[in-house]
Every structure is written in C-alpha cells, then in structure tokens.
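What's in target.cif: mmCIF, C-alpha atoms
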```cif
data_my_file
#
loop_
_atom_site.label_atom_id
_atom_site.label_comp_id
_atom_site.auth_asym_id
_atom_site.auth_seq_id
_atom_site.Cartn_x
_atom_site.Cartn_y
_atom_site.Cartn_z
CA MET N 1 0.00 0.00 0.00
CA THR N 2 2.87 2.32 0.85
CA ALA N 3 4.50 1.56 -2.51
CA ILE N 4 1.23 2.42 -4.28
CA LYS N 5 0.96 5.73 -2.42
CA HIS N 6 4.58 6.50 -3.23
CA PHE N 7 3.97 5.77 -6.92
CA ALA N 8 0.85 7.97 -6.91
CA VAL N 9 2.77 10.87 -5.36
CA MET N 10 5.59 10.50 -7.87
CA LEU N 11 3.09 10.39 -10.73
CA CYS N 12 1.43 13.59 -9.52
CA VAL N 13 4.80 15.32 -9.26
CA PHE N 14 5.68 14.20 -12.80
CA LEU N 15 2.37 15.38 -14.25
CA LEU N 16 2.69 18.71 -12.45
CA ALA N 17 6.21 19.18 -13.82
CA LEU N 18 5.03 18.28 -17.31
CA ALA N 19 2.19 20.77 -17.12
CA THR N 20 4.54 23.48 -15.88
CA THR N 21 6.92 22.77 -18.75
CA GLN N 22 4.09 23.00 -21.25
CA VAL N 23 2.94 26.30 -19.83
CA THR N 24 6.49 27.66 -19.96
CA VAL N 25 6.92 26.65 -23.60
CA ALA N 26 3.57 28.13 -24.55
CA SER N 27 4.55 31.36 -22.81
CA GLN N 28 7.83 31.49 -24.73
CA ASP N 29 6.01 30.80 -28.01
CA ASN N 30 3.78 33.77 -27.28
CA LYS N 31 6.70 36.13 -26.71
CA LEU N 32 7.99 38.43 -29.45
CA THR N 33 11.34 40.10 -28.81
CA ILE N 34 12.04 42.91 -31.27
CA GLY N 35 15.64 44.03 -31.63
CA VAL N 36 16.16 47.62 -32.76
CA VAL N 37 19.63 48.40 -34.11
CA VAL N 38 20.00 52.13 -34.78
CA PRO N 39 22.57 54.83 -33.87
CA ALA N 40 20.16 56.69 -31.61
CA PRO N 41 19.83 57.06 -27.82
CA PRO N 42 17.89 54.19 -26.18
CA LYS N 43 15.35 56.64 -24.72
CA PHE N 44 14.50 57.86 -28.20
CA VAL N 45 14.31 54.29 -29.55
CA TYR N 46 11.85 53.20 -26.84
CA LYS N 47 9.72 56.31 -27.41
CA VAL N 48 9.37 55.46 -31.09
CA TRP N 49 9.13 51.67 -30.86
CA GLN N 50 7.13 50.98 -27.68
CA PRO N 51 3.86 51.94 -29.44
CA VAL N 52 4.78 49.40 -32.12
CA ALA N 53 5.15 46.69 -29.48
CA ASP N 54 1.80 47.70 -27.95
CA TYR N 55 0.15 47.57 -31.37
CA LEU N 56 1.56 44.13 -32.16
CA LYS N 57 0.38 42.82 -28.80
CA ALA N 58 -3.13 44.14 -29.45
CA THR N 59 -3.38 42.86 -33.03
CA THR N 60 -1.46 39.57 -32.91
CA GLY N 61 -1.82 38.53 -29.28
CA LEU N 62 1.95 38.19 -29.02
CA ASP N 63 3.68 39.56 -25.94
CA ALA N 64 5.95 42.01 -27.78
CA GLU N 65 8.91 43.74 -26.15
CA ILE N 66 11.64 46.05 -27.46
CA LYS N 67 15.34 45.32 -27.06
CA VAL N 68 17.84 48.04 -28.04
CA ILE N 69 20.96 46.53 -29.57
CA LYS N 70 24.14 48.43 -30.43
CA GLY N 71 26.59 47.29 -33.10
CA PHE N 72 26.96 44.51 -35.63
CA ASP N 73 28.66 42.02 -33.30
CA ARG N 74 25.84 42.26 -30.76
CA ILE N 75 23.03 41.86 -33.29
CA LYS N 76 24.83 38.89 -34.85
CA HIS N 77 25.20 37.34 -31.38
CA ALA N 78 21.50 37.91 -30.71
CA VAL N 79 20.56 36.30 -34.02
CA VAL N 80 22.83 33.27 -33.64
CA ASN N 81 21.72 32.67 -30.04
CA ASN N 82 18.00 33.17 -30.72
CA GLU N 83 17.78 36.10 -28.32
CA ILE N 84 15.40 37.95 -30.63
CA ASP N 85 12.49 36.98 -32.88
CA ILE N 86 12.78 39.85 -35.35
CA PHE N 87 14.91 42.97 -35.66
CA TYR N 88 14.94 46.38 -37.36
CA ALA N 89 18.31 47.47 -38.71
CA ASP N 90 20.35 49.25 -41.34
CA ALA N 91 20.18 47.59 -44.76
CA TYR N 92 23.94 46.97 -44.68
CA ILE N 93 23.61 44.94 -41.47
CA PHE N 94 20.82 43.02 -43.22
CA TYR N 95 23.15 42.45 -46.18
CA LEU N 96 26.05 41.19 -44.05
CA LEU N 97 23.88 38.74 -42.09
CA SER N 98 22.17 37.60 -45.30
CA GLN N 99 25.58 36.81 -46.81
CA GLN N 100 26.08 34.41 -43.89
CA ASN N 101 22.62 32.90 -44.43
CA LEU N 102 21.61 33.73 -40.85
CA ILE N 103 18.40 35.67 -41.47
CA GLU N 104 15.34 36.03 -43.66
CA PRO N 105 13.48 39.22 -44.65
CA VAL N 106 10.20 40.31 -43.07
CA ALA N 107 9.48 43.79 -44.42
CA GLN N 108 11.24 46.98 -45.43
CA VAL N 109 10.76 50.67 -44.86
CA GLU N 110 9.07 53.06 -47.25
CA ASN N 111 10.37 56.47 -46.25
CA LEU N 112 8.53 59.76 -45.84
CA ARG N 113 9.09 60.47 -49.55
CA GLY N 114 7.22 57.29 -50.43
CA ASN N 115 10.34 55.46 -51.58
CA ILE N 116 12.19 52.36 -50.39
CA MET N 117 15.41 53.96 -51.66
CA THR N 118 17.29 57.07 -50.54
CA ARG N 119 20.61 58.89 -51.00
CA SER N 120 23.32 60.17 -48.70
CA ALA N 121 24.54 63.75 -48.64
CA VAL N 122 28.11 64.94 -48.14
CA PHE N 123 27.90 68.32 -46.44
CA VAL N 124 30.39 71.01 -45.42
CA HIS N 125 30.44 74.33 -43.58
CA LYS N 126 29.72 77.19 -45.98
CA SER N 127 32.81 79.07 -44.83
CA SER N 128 35.15 76.06 -45.26
CA GLY N 129 36.05 76.85 -48.85
CA VAL N 130 35.26 73.25 -49.82
CA LYS N 131 33.27 73.09 -53.04
CA THR N 132 33.90 69.57 -54.37
CA LEU N 133 34.92 66.16 -53.08
CA GLN N 134 38.41 66.77 -54.47
CA ASP N 135 38.79 69.64 -52.02
CA LEU N 136 38.48 67.16 -49.14
CA LYS N 137 41.75 65.37 -49.84
CA ALA N 138 43.98 65.22 -46.74
CA LYS N 139 41.09 66.50 -44.61
CA LYS N 140 38.88 64.92 -41.93
CA VAL N 141 35.54 63.49 -43.05
CA ALA N 142 32.91 62.35 -40.55
CA PHE N 143 31.10 59.06 -41.13
CA VAL N 144 28.60 57.49 -38.72
CA ASN N 145 29.90 53.92 -38.32
CA PRO N 146 31.38 51.17 -40.54
CA THR N 147 28.10 49.20 -40.70
CA SER N 148 25.96 52.16 -41.77
CA LEU N 149 24.89 52.06 -45.40
CA GLY N 150 23.92 55.74 -45.52
CA GLY N 151 26.47 56.91 -42.98
CA TYR N 152 29.47 55.13 -44.51
CA VAL N 153 29.15 52.61 -47.36
CA ALA N 154 27.21 54.79 -49.84
CA PRO N 155 29.28 57.96 -49.28
CA ARG N 156 32.48 55.90 -49.32
CA ALA N 157 31.40 54.49 -52.70
CA LEU N 158 30.83 58.08 -53.87
CA PHE N 159 34.33 59.11 -52.79
CA HIS N 160 35.97 56.08 -54.41
CA ARG N 161 34.13 56.58 -57.71
CA ASN N 162 35.55 60.09 -57.71
CA GLY N 163 39.08 58.81 -57.23
CA ILE N 164 39.33 59.48 -53.51
CA ASN N 165 40.35 56.52 -51.38
CA THR N 166 38.83 57.00 -47.91
CA ASN N 167 41.53 54.80 -46.39
CA LYS N 168 44.41 57.05 -47.41
CA ASP N 169 43.25 60.23 -49.19
CA VAL N 170 41.09 61.52 -46.31
CA GLU N 171 41.05 60.97 -42.57
CA ALA N 172 37.86 59.06 -41.76
CA VAL N 173 36.30 59.92 -38.39
CA PHE N 174 33.52 57.68 -37.05
CA THR N 175 31.15 59.70 -34.85
CA LYS N 176 28.76 56.80 -34.00
CA ASN N 177 25.70 59.06 -34.17
CA LEU N 178 24.14 61.53 -36.58
CA ALA N 179 24.02 64.51 -34.24
CA SER N 180 27.77 64.31 -33.63
CA SER N 181 28.42 64.33 -37.38
CA LEU N 182 26.39 67.52 -37.70
CA HIS N 183 27.98 69.22 -34.69
CA LYS N 184 31.53 68.36 -35.72
CA THR N 185 30.92 69.81 -39.18
CA LEU N 186 29.28 72.92 -37.77
CA LEU N 187 32.24 73.45 -35.44
CA GLN N 188 34.60 72.62 -38.31
CA ASP N 189 36.26 69.90 -36.26
CA VAL N 190 35.92 67.96 -39.52
CA ALA N 191 35.89 69.29 -43.07
CA ALA N 192 32.76 67.34 -44.07
CA GLY N 193 30.08 65.02 -42.78
CA SER N 194 27.85 62.44 -44.42
CA MET N 195 24.45 60.91 -43.72
CA CYS N 196 21.14 60.11 -45.36
CA SER N 197 19.88 63.28 -47.05
CA LEU N 198 16.35 62.77 -45.70
CA LYS N 199 17.67 62.26 -42.18
CA PHE N 200 19.73 65.44 -42.60
CA LYS N 201 16.53 67.30 -43.44
CA LEU N 202 14.66 65.84 -40.45
CA MET N 203 17.47 66.65 -38.03
CA SER N 204 17.62 70.22 -39.28
CA ARG N 205 14.33 70.74 -37.45
CA LYS N 206 16.16 70.20 -34.15
CA ILE N 207 19.67 71.42 -34.97
CA GLU N 208 20.35 74.69 -36.77
CA VAL N 209 22.18 73.67 -39.94
CA GLY N 210 21.88 76.89 -41.93
CA ASP N 211 25.68 77.18 -42.04
CA LEU N 212 25.98 73.82 -43.81
CA GLN N 213 25.63 73.03 -47.49
CA THR N 214 25.54 69.80 -49.51
CA ILE N 215 28.29 69.36 -52.08
CA ALA N 216 27.49 65.83 -53.34
CA LEU N 217 24.89 63.05 -53.25
CA SER N 218 25.52 59.31 -53.29
CA ASP N 219 23.82 56.75 -55.50
CA GLU N 220 20.54 55.37 -54.20
CA TYR N 221 20.48 52.64 -51.58
CA PRO N 222 17.69 50.82 -49.69
CA GLU N 223 16.13 52.04 -46.46
CA ASN N 224 16.21 49.97 -43.25
CA LEU N 225 14.63 46.54 -43.08
CA ILE N 226 12.97 44.15 -40.66
CA ALA N 227 14.37 40.62 -40.62
CA ALA N 228 14.24 37.45 -38.54
CA PRO N 229 16.74 34.74 -37.60
CA ARG N 230 16.39 31.64 -39.74
CA GLY N 231 14.43 28.89 -38.05
CA ILE N 232 11.78 31.08 -36.45
CA ASP N 233 8.26 29.63 -36.45
CA GLN N 234 6.83 30.52 -39.87
CA ALA N 235 3.24 30.94 -38.72
CA LYS N 236 4.38 33.40 -36.06
CA LEU N 237 6.61 35.21 -38.56
CA GLN N 238 3.81 35.51 -41.11
CA LYS N 239 1.49 36.95 -38.49
CA VAL N 240 4.06 39.58 -37.54
CA ALA N 241 4.92 40.42 -41.16
CA GLU N 242 1.27 40.99 -41.99
CA ALA N 243 0.84 43.18 -38.91
CA PHE N 244 3.74 45.42 -39.96
CA ARG N 245 2.61 45.67 -43.58
CA SER N 246 -0.94 46.56 -42.56
CA LEU N 247 -0.04 49.35 -40.13
CA ASP N 248 -1.12 52.02 -42.61
CA THR N 249 -4.53 50.43 -43.24
CA ASN N 250 -6.19 51.22 -39.91
CA GLN N 251 -6.48 54.22 -37.60
CA GLN N 252 -4.54 52.70 -34.70
CA GLY N 253 -1.69 51.65 -36.99
CA GLN N 254 -1.60 55.04 -38.69
CA GLN N 255 -1.18 56.67 -35.30
CA VAL N 256 1.76 54.36 -34.58
CA LEU N 257 3.36 55.26 -37.92
CA LYS N 258 2.94 58.94 -37.18
CA GLY N 259 5.18 58.46 -34.15
CA MET N 260 7.80 56.76 -36.36
CA ALA N 261 8.21 59.77 -38.63
CA PRO N 262 11.37 60.94 -36.79
CA MET N 263 12.97 57.73 -38.07
CA LYS N 264 11.78 58.74 -41.58
CA ILE N 265 9.34 55.79 -41.63
CA LYS N 266 6.13 56.28 -43.61
CA ARG N 267 5.09 52.62 -43.64
CA PHE N 268 6.39 49.07 -43.99
CA VAL N 269 6.09 47.21 -47.29
CA ALA N 270 6.89 43.76 -48.66
CA TYR N 271 10.57 42.94 -49.10
CA ASP N 272 12.07 43.51 -52.55
CA PRO N 273 14.98 41.09 -53.25
CA MET N 274 16.69 43.62 -55.52
CA VAL N 275 18.04 45.43 -52.44
CA LEU N 276 20.80 42.85 -52.03
CA GLU N 277 22.14 43.51 -55.53
CA VAL N 278 22.00 47.28 -54.99
CA ILE N 279 24.04 46.93 -51.79
CA ARG N 280 26.48 44.50 -53.42
CA LYS N 281 27.22 47.01 -56.17
CA LEU N 282 27.80 49.73 -53.58
CA THR N 283 30.29 47.55 -51.72
CA VAL N 284 32.14 46.96 -55.00
CA ASP N 285 32.28 50.70 -55.72
CA ALA N 286 33.35 51.35 -52.13
CA GLU N 287 36.04 48.67 -52.41
CA ILE N 288 34.90 46.98 -49.21
#
```
Once you've parsed the file, please lay out its structure as structure tokens.
Amino acid sequence: MTAIKHFAVMLCVFLLALATTQVTVASQDNKLTIGVVVPAPPKFVYKVWQPVADYLKATTGLDAEIKVIKGFDRIKHAVVNNEIDIFYADAYIFYLLSQQNLIEPVAQVENLRGNIMTRSAVFVHKSSGVKTLQDLKAKKVAFVNPTSLGGYVAPRALFHRNGINTNKDVEAVFTKNLASSLHKTLLQDVAAGSMCSLKFKLMSRKIEVGDLQTIALSDEYPENLIAAPRGIDQAKLQKVAEAFRSLDTNQQGQQVLKGMAPMKIKRFVAYDPMVLEVIRKLTVDAEI
C-alpha cells in the first residue's frame, strides 16, 4: 500500500512538472522580442518603438517587447543565439547577415518620400572653402559607423568613384551618431560630414544647420529593413509580417506610424529582393 501511495505521489509530481513545462513553452512561443539596431539614444528608440510593441500585442496577441541593440557584433550574437524573434536594422547589417545565411526578410521601410530607396549627402560648412569632393583630400571626413549604409558605405562608394580613397586620401572619423556628425561639421572639427539626405533634413528641425551646405549626393540605396533569424516559427513570422505591412490600413496603426516619422518611416512594405544587388554594387564601388 505504501508503494502504491509513493507511486501515486511521484506520478502527480511528474504530471505537475510536465504541465509546468508545457505552460512555460507556450509562454515562450507567445513572446515576441524585437531588436532595434540604430545609432540613436535608447530613450528615443523606446519612445518610437514601444507603441509598435503595444500595437503588435493588441493585433497579434503576441507579448511584444523592445530590445535596443548596439553594433553589428551584438546583433549577430542575438541572431545566432535566438535572443530575438525579429529585428529592425540598417540595410547593410541586413546584407552582411544575409551573406552568412543567418536571417530572412520580413518587411522593409518606405520612407517619408514614399520610396524604399534614398541617397546620402556629403555636407560642409559654408565658410570652409570646400566646393567639391576633391577639395576634401587630406582633410577629416565624418562618417557614422562602418556598418551604416547611408552613414558610410554609400558615401564611401561616392568618394571612391571620384578617385578618392577613404583609407588614405582623407582621414575618416567615425562619430557613431548623426548629431555628432552635424555638430563636428558645424564646429569645423571635420571638413565634411555624411548621412542620409532625408535624415539630414529631419534633423535640421532640431539642430540649426543653416551654415551647412551639400556638395554631393551618393547613388541610391535601400532604407532599413525588418528581418528574422532563420528557423523562427513561420506561422508566427507571417502573423508579424502581416501586422507590420498593414499598419497604414487602420487608424490605430496610422497613429503608430505617425510616431515613427522621426525615423523617416512612412510605412512598412513587402521585401524587394533587388536590395541585395544594390548593396552589393555599392560595396564593390566602395572597395569593401
């Protein structure tokens, strides 16, 4: 009788543990961790992206949360170790991870001009005497960071196509954020800065840039994208992709998109595979 009671107790413990495990797995399946990889202060990122997480939770039932991630190595680590379900990042980061077959596309940004493509501007102080890219030889040029398509790869390609090697003909300075690039150029700590031309226009609403002028524009390149690590549950991914692409079709989603305007986001659209070839050509021109 004692043996039977002991077996019954052990069976109850086993069933309870099994049920707990099932609940835990279900809870994890319902979680959606969104990585955001941008050169902006975390406070600003949360202000823009928390409404997105709230919207996704309301429309998909997934428990969405935002995770700010800085740098290529950290986003790659998060992807490889399944620390995120999807992420929003620069198109060059998307390209690098795609080359390693680590991710798959979810959606891409259509900017405030209604285009999935944009250009970078190279700008200088009006009193600098710099009129062309050739005038920047042997001078300091501010770029954002090495994994920024608009803040480095596209303008670097522009320099190299004009016979200026950014490794030896100019002194490249990586500022790590857009505001620093503007301030350094305004103070003439550097001879020129570079960033997305649309972002330059948006930031001019907060920073007085009347003393700056654009001297050159890069070729077009794709705006930021949303991607997911390979192996993510496809039903879950499809649900999230549809939620992003339908943001502009309802009042609640339109309100969310309004709050994303500072990141030059008008809406999210279906992924266009041609972006990889556009970026590849830029890397060839930039000799990366």
Practice task
May I have the residues within 12 Å of Leu187 of chain N as JSON, numbers by chain, using only C-alpha atoms and disregarding those fewer than 5 positions away in the same chain?
Solution key: {"N": [124, 125, 126, 127, 128, 180, 181, 182, 192, 193, 209, 211, 212]}
Practice task
To verify the selection step, state as a ChimeraX atom specification which residues the PyMOL selection byres ((chain N and resi 86) around 6) yields on this input.
Solution key: /N:34,84-85,87,227-228
Exercise for the section: Using all atoms listed in the file, give me every residue within 12 Å of (3.8, 44.5, -29.9) in file coordinates, as a PyMOL selection string. Expected result: chain N and resi 30-35+49-67+85-86+239-240+243-244+247+253+256
Once 8 Å is added on each side, what are the centre and the three edge lengths, in Å to one decimal, of the axis-aligned box enclosing the listed atoms of segment 234-244 of chain N? Present them as lines of an AutoDock Vina configuration file.
```
center_x = 3.8
center_y = 38.0
center_z = -39.0
size_x = 22.0
size_y = 30.9
size_z = 21.9
```
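Once the PyMOL selection byres ((chain N and resi 196) around 6) is applied to this file, the selection holds Arg119, Ser120, Ala121, Gly150, Met195, Ser197, Leu198 and Lys199 of chain N.
Picture a line from atom CA of Asn165 of chain N to atom CA of Pro222 of chain N; it runs 23.4 Å.
Computed from the coordinates, the atom CA of Ala89 of chain N to atom CA of Val37 of chain N distance equals 4.9 Å.
The gap separating atom CA of Asp90 of chain N from atom CA of Glu223 of chain N is 7.2 Å, in Å to one decimal.
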Exercise for the section: Let me know the residues the PyMOL selection byres ((chain N and resi 143) around 6) catches in the file above, as a ChimeraX atom specification. Expected result: /N:142,144-145,151-152,173-174,194
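Proximity to Val153 of chain N was assessed for N:Asp73, N:Thr166, N:Val45, N:Glu242 counting all atoms listed in the file; the smallest distance is recorded for N:Thr166.
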Env of Leu225 of chain N: 12 Å cut, atoms = all atoms listed in the file, seq-sep filter 6 positions within chain, self excluded. Answer as a CSV table (one decimal) with C-alpha atoms, in the coordinates of the input.
```csv
chain,number,residue,atom,x,y,z
N,35,GLY,CA,15.6,44.0,-31.6
N,36,VAL,CA,16.2,47.6,-32.8
N,37,VAL,CA,19.6,48.4,-34.1
N,38,VAL,CA,20.0,52.1,-34.8
N,86,ILE,CA,12.8,39.8,-35.4
N,87,PHE,CA,14.9,43.0,-35.7
N,88,TYR,CA,14.9,46.4,-37.4
N,89,ALA,CA,18.3,47.5,-38.7
N,90,ASP,CA,20.4,49.2,-41.3
N,91,ALA,CA,20.2,47.6,-44.8
N,92,TYR,CA,23.9,47.0,-44.7
N,93,ILE,CA,23.6,44.9,-41.5
N,94,PHE,CA,20.8,43.0,-43.2
N,95,TYR,CA,23.2,42.4,-46.2
N,98,SER,CA,22.2,37.6,-45.3
N,103,ILE,CA,18.4,35.7,-41.5
N,104,GLU,CA,15.3,36.0,-43.7
N,105,PRO,CA,13.5,39.2,-44.6
N,106,VAL,CA,10.2,40.3,-43.1
N,107,ALA,CA,9.5,43.8,-44.4
N,108,GLN,CA,11.2,47.0,-45.4
N,109,VAL,CA,10.8,50.7,-44.9
N,110,GLU,CA,9.1,53.1,-47.2
N,111,ASN,CA,10.4,56.5,-46.2
N,116,ILE,CA,12.2,52.4,-50.4
N,117,MET,CA,15.4,54.0,-51.7
N,149,LEU,CA,24.9,52.1,-45.4
N,241,ALA,CA,4.9,40.4,-41.2
N,244,PHE,CA,3.7,45.4,-40.0
N,265,ILE,CA,9.3,55.8,-41.6
N,267,ARG,CA,5.1,52.6,-43.6
N,268,PHE,CA,6.4,49.1,-44.0
N,269,VAL,CA,6.1,47.2,-47.3
N,270,ALA,CA,6.9,43.8,-48.7
N,271,TYR,CA,10.6,42.9,-49.1
N,272,ASP,CA,12.1,43.5,-52.6
N,273,PRO,CA,15.0,41.1,-53.2
N,275,VAL,CA,18.0,45.4,-52.4
N,276,LEU,CA,20.8,42.8,-52.0
```
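Each of N:Ser246, N:Gln213, N:Thr118, N:Asn82 was checked against Leu186 of chain N using all atoms listed in the file; the smallest atom-to-atom distance is that of N:Gln213.
Nearest to Pro146 of chain N of all the residues N:Val130, N:Ala216, N:Ile164, N:Leu96 is N:Leu96, counting only C-alpha atoms.
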Please tell me which residues are no farther than 8 Å from (30.9, 65.3, -56.6) in the file, counting only C-alpha atoms, and write them as a short mmCIF file (atom, residue, chain, number, x, y, z; two decimals) with C-alpha atoms, keeping the file's coordinate frame.
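Dumped everything to part-v3.cif:
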```
data_model
loop_
_atom_site.label_atom_id
_atom_site.label_comp_id
_atom_site.auth_asym_id
_atom_site.auth_seq_id
_atom_site.Cartn_x
_atom_site.Cartn_y
_atom_site.Cartn_z
CA THR N 132 33.90 69.57 -54.37
CA LEU N 133 34.92 66.16 -53.08
CA GLN N 134 38.41 66.77 -54.47
CA LEU N 158 30.83 58.08 -53.87
CA ASN N 162 35.55 60.09 -57.71
CA ILE N 215 28.29 69.36 -52.08
CA ALA N 216 27.49 65.83 -53.34
CA LEU N 217 24.89 63.05 -53.25
#
```
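Each of N:Asn81, N:His183, N:Asp248, N:Ser148 was checked against Glu208 of chain N using only C-alpha atoms; the smallest atom-to-atom distance is that of N:His183.
Of the listed residues (N:Lys264, N:Val48, N:Lys140, N:Ala191), N:Lys264 comes nearest to Arg113 of chain N; the distances count all atoms listed in the file.
Closest approach to Lys201 of chain N among N:Thr214, N:Gln100, N:Thr283, N:Thr175: N:Thr214, based on all atoms listed in the file.
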